[in-house]
Amino acid sequence: MTDTLFPRFSEAEYARRYGAIRDAINKEDIDAILISGARGSSEVAYLSNYQAQSPCWMLFPRDGDATVFIHFFNHQPCAKAQSIIEDVRWYGPAPMPTLVEEIRKRNLTKSKIGLVSMRGMAYGHVTELQRQFPEAEFVEFGPQFNRVRRVRSEEELVYLRKSGYLTDLACEALENNLRPGLTEHDILSIVYNAYLKNGGDPGIHFIATTNMDNPDRFVPWQRQTSRVLEKGSVVITELTVSYWGYSTQIHRPFAIGTEPTPIYRKLFDAALECYESVRQICKPGTTSDQIVAATSAIEANGFTSYDSVFHGEAGKSPELGSKSAAHPLEKWTLEENMVHVIQPNPITKDFKAGLQLGAAVVVKPNGGEALHNYPFKFPVCG
């Protein structure tokens with residue numbers, strides 16, 4: 001049976017999601033929502049279980065059955081095996097003619113339709129919908145949709161903990177295999193090999209290496225180089241691994257062949273102090289202002305920060321820095337079972353030395369509960 005081939009949430013979980021989305025639809029007096037998705041996006045997957053590998057769309061009515069439309073004809077068998085929605089179709093050479101036909105077929109030509117997300121859709125797609133249906137009202141529904149998804153269910157947390165386990169495997173593999181002579185491309189290969197055989201999907205793998213006595217890189221880089229590790233190098237990382245669309249992120253430094261130098265040890269200690277201060281207040285009701293105030297260990301130790309210290313899914317909702325960071329203050333209030341990443345990135349004020357240390361946590365009444373088990377340490381490798 002195809003329903004055993006891929007991970008799938010329970011019928012009760014999907015009933016909960018459908019009920020919450022339809023409650024939001026009813027509150028806005030919307031007749032249907034139209035979701036635009038792509039590879040790596042999670043909105044269509046949230047309601048269908050289909051993990052898109054290319055552009056896709058979903059029409060989800062207030063009443064009746066939903067339909068998923070996909071880009072590639074030959075993707076249909078695999079998409080149908082994943083989806084809990086029976087009606088999965090190829091939309092043809094372009095999506096708009098098929099979507100227009102379906103909207104007409106469902107008598108939605110004069111309806112109020114929510115777009116997820118109008119701000120992310122191609123301008124041409126939005127204007128074509130408005131041109132084809134001048135008597136319909138198209139409204140942004142992305143924020144309302146995402147508000148439903150912010151608080152994670154117990155079933156979702158199981159998937160997030162599996163993602164945390166996969167990131168742990170990546171860190172363990174780095175600790176066991178890093179040594180002088182490897183390039184940054186070799187390091188990336190170690191990361192991939194650690195989790196692919198366990199069902200993980202690649203997320204961001206940011207890695208940078210530098211010499212601790214003469215550093216010139218202070219944040220993980222988004223592209224690896226041919227730089228070669230030597231005794232006295234440090235590897236700084238920001239690693240995301242997904243499990244069936246659910247992602248956590250871990251950050252750890254690794255010293256090569258020798259103990260961390262005094263400045264790197266101080267950076268690590270400041271990062272850990274900052275992480276713990278923020279983690280302890282990751283409780284329901286905590287605000288953005290309180291989170292930023294809890295990052296003060298970075299500045300108190302004479303450092304500044306370059307990356308955000310706290311963020312939600314996909315690096316947003318919210319994205320908060322320390323007091324001296326470039327990131328603006330985004331208003332936010334934590335709720336139980338939200339999942340966020342705490343990722344202090346203390347750097348020296350001359351922008352030469354720095355590291356990243358952190359983990360994804362789930363908001364709980366007693367403070368953030370880490371979704372990873374790999375220790376907060378600065379191992380010496382090779």
# chains A, B, ... in the order shown; residues from 1 in each chain; ligands from 1
$ residues_around --residues "stretch 266-278 of chain A" --least-positions-apart "3" --cutoff "6 Å" --atoms "only C-alpha atoms" --output "ChimeraX atom specification"
/A:263,281,294-295,297-298,344
$ select_by_dssp --residues "stretch 297-381 of chain A" --states "strand (DSSP E)" --output "PDB file with all heavy atoms, in the first residue's frame"
ATOM      1  N   THR A 304      30.665  41.730  19.720  1.00  0.00           N
ATOM      2  CA  THR A 304      29.428  42.123  19.064  1.00  0.00           C
ATOM      3  C   THR A 304      28.922  40.903  18.308  1.00  0.00           C
ATOM      4  O   THR A 304      29.474  39.806  18.438  1.00  0.00           O
ATOM      5  CB  THR A 304      29.637  43.333  18.135  1.00  0.00           C
ATOM      6  OG1 THR A 304      28.364  43.746  17.619  1.00  0.00           O
ATOM      7  CG2 THR A 304      30.579  43.006  16.981  1.00  0.00           C
ATOM      8  N   SER A 305      27.837  41.049  17.528  1.00  0.00           N
ATOM      9  CA  SER A 305      27.308  39.905  16.777  1.00  0.00           C
ATOM     10  C   SER A 305      26.985  40.340  15.362  1.00  0.00           C
ATOM     11  O   SER A 305      26.731  41.518  15.092  1.00  0.00           O
ATOM     12  CB  SER A 305      26.067  39.315  17.446  1.00  0.00           C
ATOM     13  OG  SER A 305      25.035  40.272  17.537  1.00  0.00           O
ATOM     14  N   PHE A 310      18.311  34.816  17.436  1.00  0.00           N
ATOM     15  CA  PHE A 310      17.067  34.090  17.696  1.00  0.00           C
ATOM     16  C   PHE A 310      16.185  34.194  16.462  1.00  0.00           C
ATOM     17  O   PHE A 310      15.973  35.289  15.933  1.00  0.00           O
ATOM     18  CB  PHE A 310      16.368  34.734  18.901  1.00  0.00           C
ATOM     19  CG  PHE A 310      15.151  33.996  19.397  1.00  0.00           C
ATOM     20  CD1 PHE A 310      15.258  33.035  20.396  1.00  0.00           C
ATOM     21  CD2 PHE A 310      13.894  34.284  18.899  1.00  0.00           C
ATOM     22  CE1 PHE A 310      14.137  32.375  20.877  1.00  0.00           C
ATOM     23  CE2 PHE A 310      12.770  33.629  19.362  1.00  0.00           C
ATOM     24  CZ  PHE A 310      12.897  32.670  20.359  1.00  0.00           C
ATOM     25  N   HIS A 311      15.689  33.052  15.968  1.00  0.00           N
ATOM     26  CA  HIS A 311      14.780  33.114  14.825  1.00  0.00           C
ATOM     27  C   HIS A 311      13.856  31.916  14.801  1.00  0.00           C
ATOM     28  O   HIS A 311      14.079  30.892  15.459  1.00  0.00           O
ATOM     29  CB  HIS A 311      15.545  33.242  13.503  1.00  0.00           C
ATOM     30  CG  HIS A 311      16.357  32.049  13.095  1.00  0.00           C
ATOM     31  ND1 HIS A 311      15.795  30.882  12.635  1.00  0.00           N
ATOM     32  CD2 HIS A 311      17.705  31.846  13.065  1.00  0.00           C
ATOM     33  CE1 HIS A 311      16.740  30.013  12.327  1.00  0.00           C
ATOM     34  NE2 HIS A 311      17.915  30.565  12.585  1.00  0.00           N
ATOM     35  N   GLU A 319      13.102  37.436  13.653  1.00  0.00           N
ATOM     36  CA  GLU A 319      14.552  37.374  13.525  1.00  0.00           C
ATOM     37  C   GLU A 319      15.119  38.481  14.403  1.00  0.00           C
ATOM     38  O   GLU A 319      14.958  39.667  14.104  1.00  0.00           O
ATOM     39  CB  GLU A 319      15.012  37.550  12.079  1.00  0.00           C
ATOM     40  CG  GLU A 319      16.524  37.381  11.931  1.00  0.00           C
ATOM     41  CD  GLU A 319      17.020  37.561  10.510  1.00  0.00           C
ATOM     42  OE1 GLU A 319      16.300  38.193   9.705  1.00  0.00           O
ATOM     43  OE2 GLU A 319      18.129  37.099  10.212  1.00  0.00           O
ATOM     44  N   LEU A 320      15.769  38.085  15.508  1.00  0.00           N
ATOM     45  CA  LEU A 320      16.231  39.037  16.516  1.00  0.00           C
ATOM     46  C   LEU A 320      17.736  38.947  16.692  1.00  0.00           C
ATOM     47  O   LEU A 320      18.300  37.854  16.709  1.00  0.00           O
ATOM     48  CB  LEU A 320      15.556  38.754  17.866  1.00  0.00           C
ATOM     49  CG  LEU A 320      14.021  38.752  17.878  1.00  0.00           C
ATOM     50  CD1 LEU A 320      13.515  38.287  19.239  1.00  0.00           C
ATOM     51  CD2 LEU A 320      13.477  40.137  17.541  1.00  0.00           C
ATOM     52  N   VAL A 339       8.537  26.542  18.083  1.00  0.00           N
ATOM     53  CA  VAL A 339       9.916  26.076  17.955  1.00  0.00           C
ATOM     54  C   VAL A 339      10.750  27.206  17.353  1.00  0.00           C
ATOM     55  O   VAL A 339      10.382  27.783  16.324  1.00  0.00           O
ATOM     56  CB  VAL A 339      10.001  24.814  17.081  1.00  0.00           C
ATOM     57  CG1 VAL A 339      11.457  24.462  16.761  1.00  0.00           C
ATOM     58  CG2 VAL A 339       9.321  23.648  17.780  1.00  0.00           C
ATOM     59  N   HIS A 340      11.864  27.522  18.020  1.00  0.00           N
ATOM     60  CA  HIS A 340      12.756  28.586  17.566  1.00  0.00           C
ATOM     61  C   HIS A 340      14.204  28.126  17.675  1.00  0.00           C
ATOM     62  O   HIS A 340      14.516  27.166  18.377  1.00  0.00           O
ATOM     63  CB  HIS A 340      12.551  29.852  18.392  1.00  0.00           C
ATOM     64  CG  HIS A 340      11.228  30.510  18.164  1.00  0.00           C
ATOM     65  ND1 HIS A 340      10.099  30.161  18.861  1.00  0.00           N
ATOM     66  CD2 HIS A 340      10.841  31.482  17.292  1.00  0.00           C
ATOM     67  CE1 HIS A 340       9.077  30.899  18.442  1.00  0.00           C
ATOM     68  NE2 HIS A 340       9.500  31.704  17.489  1.00  0.00           N
ATOM     69  N   VAL A 341      15.072  28.842  16.976  1.00  0.00           N
ATOM     70  CA  VAL A 341      16.503  28.563  17.001  1.00  0.00           C
ATOM     71  C   VAL A 341      17.210  29.660  17.791  1.00  0.00           C
ATOM     72  O   VAL A 341      16.990  30.850  17.542  1.00  0.00           O
ATOM     73  CB  VAL A 341      17.083  28.490  15.581  1.00  0.00           C
ATOM     74  CG1 VAL A 341      18.599  28.352  15.610  1.00  0.00           C
ATOM     75  CG2 VAL A 341      16.467  27.316  14.823  1.00  0.00           C
ATOM     76  N   ILE A 342      18.025  29.250  18.761  1.00  0.00           N
ATOM     77  CA  ILE A 342      18.894  30.173  19.497  1.00  0.00           C
ATOM     78  C   ILE A 342      20.303  29.950  18.967  1.00  0.00           C
ATOM     79  O   ILE A 342      20.815  28.829  19.036  1.00  0.00           O
ATOM     80  CB  ILE A 342      18.849  29.906  21.009  1.00  0.00           C
ATOM     81  CG1 ILE A 342      17.407  29.875  21.523  1.00  0.00           C
ATOM     82  CG2 ILE A 342      19.660  30.975  21.765  1.00  0.00           C
ATOM     83  CD1 ILE A 342      17.288  29.408  22.969  1.00  0.00           C
ATOM     84  N   PRO A 346      28.936  35.424  18.676  1.00  0.00           N
ATOM     85  CA  PRO A 346      29.840  36.489  19.123  1.00  0.00           C
ATOM     86  C   PRO A 346      31.038  36.606  18.192  1.00  0.00           C
ATOM     87  O   PRO A 346      31.599  35.596  17.754  1.00  0.00           O
ATOM     88  CB  PRO A 346      30.251  36.034  20.519  1.00  0.00           C
ATOM     89  CG  PRO A 346      30.094  34.557  20.502  1.00  0.00           C
ATOM     90  CD  PRO A 346      28.948  34.267  19.577  1.00  0.00           C
ATOM     91  N   ILE A 347      31.414  37.825  17.881  1.00  0.00           N
ATOM     92  CA  ILE A 347      32.583  38.077  17.041  1.00  0.00           C
ATOM     93  C   ILE A 347      33.398  39.209  17.658  1.00  0.00           C
ATOM     94  O   ILE A 347      32.871  40.048  18.399  1.00  0.00           O
ATOM     95  CB  ILE A 347      32.192  38.444  15.596  1.00  0.00           C
ATOM     96  CG1 ILE A 347      31.424  39.764  15.558  1.00  0.00           C
ATOM     97  CG2 ILE A 347      31.377  37.336  14.959  1.00  0.00           C
ATOM     98  CD1 ILE A 347      31.188  40.298  14.164  1.00  0.00           C
ATOM     99  N   ALA A 359      21.140  25.879  19.021  1.00  0.00           N
ATOM    100  CA  ALA A 359      20.264  24.728  18.842  1.00  0.00           C
ATOM    101  C   ALA A 359      18.836  25.204  18.669  1.00  0.00           C
ATOM    102  O   ALA A 359      18.487  26.333  19.038  1.00  0.00           O
ATOM    103  CB  ALA A 359      20.354  23.800  20.050  1.00  0.00           C
ATOM    104  N   ALA A 360      17.991  24.339  18.131  1.00  0.00           N
ATOM    105  CA  ALA A 360      16.551  24.581  18.088  1.00  0.00           C
ATOM    106  C   ALA A 360      15.944  24.144  19.412  1.00  0.00           C
ATOM    107  O   ALA A 360      16.334  23.122  19.988  1.00  0.00           O
ATOM    108  CB  ALA A 360      15.924  23.798  16.942  1.00  0.00           C
ATOM    109  N   VAL A 361      14.992  24.931  19.898  1.00  0.00           N
ATOM    110  CA  VAL A 361      14.322  24.620  21.162  1.00  0.00           C
ATOM    111  C   VAL A 361      12.820  24.741  20.985  1.00  0.00           C
ATOM    112  O   VAL A 361      12.338  25.512  20.142  1.00  0.00           O
ATOM    113  CB  VAL A 361      14.788  25.544  22.308  1.00  0.00           C
ATOM    114  CG1 VAL A 361      16.303  25.468  22.499  1.00  0.00           C
ATOM    115  CG2 VAL A 361      14.364  26.991  22.085  1.00  0.00           C
ATOM    116  N   VAL A 362      12.089  23.997  21.780  1.00  0.00           N
ATOM    117  CA  VAL A 362      10.638  24.112  21.816  1.00  0.00           C
ATOM    118  C   VAL A 362      10.267  24.867  23.093  1.00  0.00           C
ATOM    119  O   VAL A 362      10.826  24.611  24.166  1.00  0.00           O
ATOM    120  CB  VAL A 362       9.946  22.730  21.749  1.00  0.00           C
ATOM    121  CG1 VAL A 362      10.436  21.779  22.826  1.00  0.00           C
ATOM    122  CG2 VAL A 362       8.442  22.875  21.814  1.00  0.00           C
ATOM    123  N   GLU A 369      13.273  23.737  25.540  1.00  0.00           N
ATOM    124  CA  GLU A 369      13.722  22.338  25.564  1.00  0.00           C
ATOM    125  C   GLU A 369      14.445  22.052  24.257  1.00  0.00           C
ATOM    126  O   GLU A 369      13.854  22.122  23.182  1.00  0.00           O
ATOM    127  CB  GLU A 369      12.518  21.421  25.724  1.00  0.00           C
ATOM    128  CG  GLU A 369      12.811  19.939  25.626  1.00  0.00           C
ATOM    129  CD  GLU A 369      11.536  19.119  25.531  1.00  0.00           C
ATOM    130  OE1 GLU A 369      10.641  19.306  26.384  1.00  0.00           O
ATOM    131  OE2 GLU A 369      11.413  18.314  24.574  1.00  0.00           O
ATOM    132  N   ALA A 370      15.742  21.773  24.344  1.00  0.00           N
ATOM    133  CA  ALA A 370      16.535  21.555  23.137  1.00  0.00           C
ATOM    134  C   ALA A 370      16.041  20.330  22.383  1.00  0.00           C
ATOM    135  O   ALA A 370      15.684  19.305  22.992  1.00  0.00           O
ATOM    136  CB  ALA A 370      18.006  21.400  23.489  1.00  0.00           C
ATOM    137  N   VAL A 380      38.303  18.908  20.156  1.00  0.00           N
ATOM    138  CA  VAL A 380      39.560  18.928  19.400  1.00  0.00           C
ATOM    139  C   VAL A 380      39.551  17.697  18.503  1.00  0.00           C
ATOM    140  O   VAL A 380      39.419  16.567  18.985  1.00  0.00           O
ATOM    141  CB  VAL A 380      40.785  18.928  20.314  1.00  0.00           C
ATOM    142  CG1 VAL A 380      42.060  18.893  19.488  1.00  0.00           C
ATOM    143  CG2 VAL A 380      40.764  20.167  21.208  1.00  0.00           C
ATOM    144  N   CYS A 381      39.685  17.895  17.210  1.00  0.00           N
ATOM    145  CA  CYS A 381      39.562  16.803  16.244  1.00  0.00           C
ATOM    146  C   CYS A 381      40.896  16.566  15.521  1.00  0.00           C
ATOM    147  O   CYS A 381      41.658  17.494  15.271  1.00  0.00           O
ATOM    148  CB  CYS A 381      38.490  17.142  15.207  1.00  0.00           C
ATOM    149  SG  CYS A 381      36.923  17.678  15.897  1.00  0.00           S
TER     150      CYS A 381
END
$ atom_distance --atom1 "atom CA of A:Gly40" --atom2 "atom CA of A:Tyr374"
25.8 Å
$ residues_around --residues "A:Asn146" --least-positions-apart "3" --cutoff "10 Å" --atoms "only C-alpha atoms" --output "ChimeraX atom specification"
/A:21,43,116-117,141-143,149-151,317
$ write_last_selection --atoms "C-alpha atoms" --output "PDB file, in the first residue's frame"
ATOM      1  CA  ILE A  21      -7.508  26.412   8.722  1.00  0.00           C
ATOM      2  CA  GLU A  43       2.493  25.326   3.040  1.00  0.00           C
ATOM      3  CA  VAL A 116      -1.060  32.042   0.358  1.00  0.00           C
ATOM      4  CA  SER A 117       0.877  34.055  -0.124  1.00  0.00           C
ATOM      5  CA  PHE A 141      -4.145  34.952   3.639  1.00  0.00           C
ATOM      6  CA  GLY A 142      -0.497  34.089   4.333  1.00  0.00           C
ATOM      7  CA  PRO A 143      -0.266  35.612   7.831  1.00  0.00           C
ATOM      8  CA  ARG A 149       1.130  26.700  12.071  1.00  0.00           C
ATOM      9  CA  ARG A 150       3.196  28.571  14.681  1.00  0.00           C
ATOM     10  CA  VAL A 151       2.315  26.316  17.591  1.00  0.00           C
ATOM     11  CA  SER A 317       9.111  35.018  12.661  1.00  0.00           C
TER      12      SER A 317
END
$ closest_residue --among "A:Phe6, A:Phe254, A:Tyr50, A:Tyr306" --to "A:Lys377" --atoms "only C-alpha atoms"
A:Phe254
$ residues_around --residues "A:Lys352" --least-positions-apart "6" --cutoff "9 Å" --atoms "only C-alpha atoms" --output "list in words"
Asn214, Pro215, Asp216, Arg217 and Phe218 of chain A
$ residues_around --residues "A:Gly302" --least-positions-apart "3" --cutoff "8 Å" --atoms "only C-alpha atoms" --output "list in words"
Ile298, Glu299, Thr348 and Lys349 of chain A
$ decode --residues "stretch 303-372 of chain A" --atoms "C-alpha atoms" --output "compact mmCIF listing (two decimals), in the first residue's frame"
# COMPACT_ATOMS: atom_id res chain seq x y z
CA PHE A 303 32.09 41.21 21.57
CA THR A 304 29.43 42.12 19.06
CA SER A 305 27.31 39.90 16.78
CA TYR A 306 26.81 39.67 13.03
CA ASP A 307 24.04 37.11 12.64
CA SER A 308 20.66 36.95 14.35
CA VAL A 309 20.66 35.36 17.79
CA PHE A 310 17.07 34.09 17.70
CA HIS A 311 14.78 33.11 14.83
CA GLY A 312 11.86 30.95 13.78
CA GLU A 313 11.21 28.86 10.70
CA ALA A 314 13.23 29.86 7.62
CA GLY A 315 15.15 32.49 9.57
CA LYS A 316 12.14 34.68 10.39
CA SER A 317 9.11 35.02 12.66
CA PRO A 318 10.92 36.63 14.37
CA GLU A 319 14.55 37.37 13.53
CA LEU A 320 16.23 39.04 16.52
CA GLY A 321 19.81 40.11 17.10
CA SER A 322 21.73 41.15 20.18
CA LYS A 323 21.69 44.78 21.30
CA SER A 324 24.59 45.73 19.02
CA ALA A 325 23.45 43.70 15.99
CA ALA A 326 22.09 45.12 12.74
CA HIS A 327 18.78 43.26 13.06
CA PRO A 328 15.70 45.37 13.87
CA LEU A 329 13.43 44.54 16.78
CA GLU A 330 10.51 42.47 15.48
CA LYS A 331 7.67 42.31 17.97
CA TRP A 332 6.87 38.74 19.01
CA THR A 333 5.42 36.84 21.96
CA LEU A 334 6.26 33.20 22.60
CA GLU A 335 3.60 30.52 22.98
CA GLU A 336 3.99 27.00 24.30
CA ASN A 337 5.17 24.50 21.65
CA MET A 338 6.51 27.14 19.29
CA VAL A 339 9.92 26.08 17.95
CA HIS A 340 12.76 28.59 17.57
CA VAL A 341 16.50 28.56 17.00
CA ILE A 342 18.89 30.17 19.50
CA GLN A 343 22.21 30.82 17.73
CA PRO A 344 24.61 33.27 19.42
CA ASN A 345 27.35 34.45 17.06
CA PRO A 346 29.84 36.49 19.12
CA ILE A 347 32.58 38.08 17.04
CA THR A 348 35.53 40.33 17.81
CA LYS A 349 34.98 43.98 17.04
CA ASP A 350 37.68 43.89 14.35
CA PHE A 351 35.55 41.30 12.46
CA LYS A 352 38.31 38.70 12.41
CA ALA A 353 37.37 35.97 14.92
CA GLY A 354 33.97 34.54 15.70
CA LEU A 355 31.96 31.37 16.07
CA GLN A 356 28.38 30.19 16.22
CA LEU A 357 26.84 28.04 18.94
CA GLY A 358 23.22 27.04 19.24
CA ALA A 359 20.26 24.73 18.84
CA ALA A 360 16.55 24.58 18.09
CA VAL A 361 14.32 24.62 21.16
CA VAL A 362 10.64 24.11 21.82
CA VAL A 363 8.98 26.68 24.09
CA LYS A 364 7.91 25.16 27.40
CA PRO A 365 6.73 26.56 30.78
CA ASN A 366 10.12 25.81 32.35
CA GLY A 367 12.16 27.24 29.46
CA GLY A 368 13.32 26.08 26.05
CA GLU A 369 13.72 22.34 25.56
CA ALA A 370 16.53 21.55 23.14
CA LEU A 371 15.61 19.31 20.20
CA HIS A 372 19.20 18.02 19.93
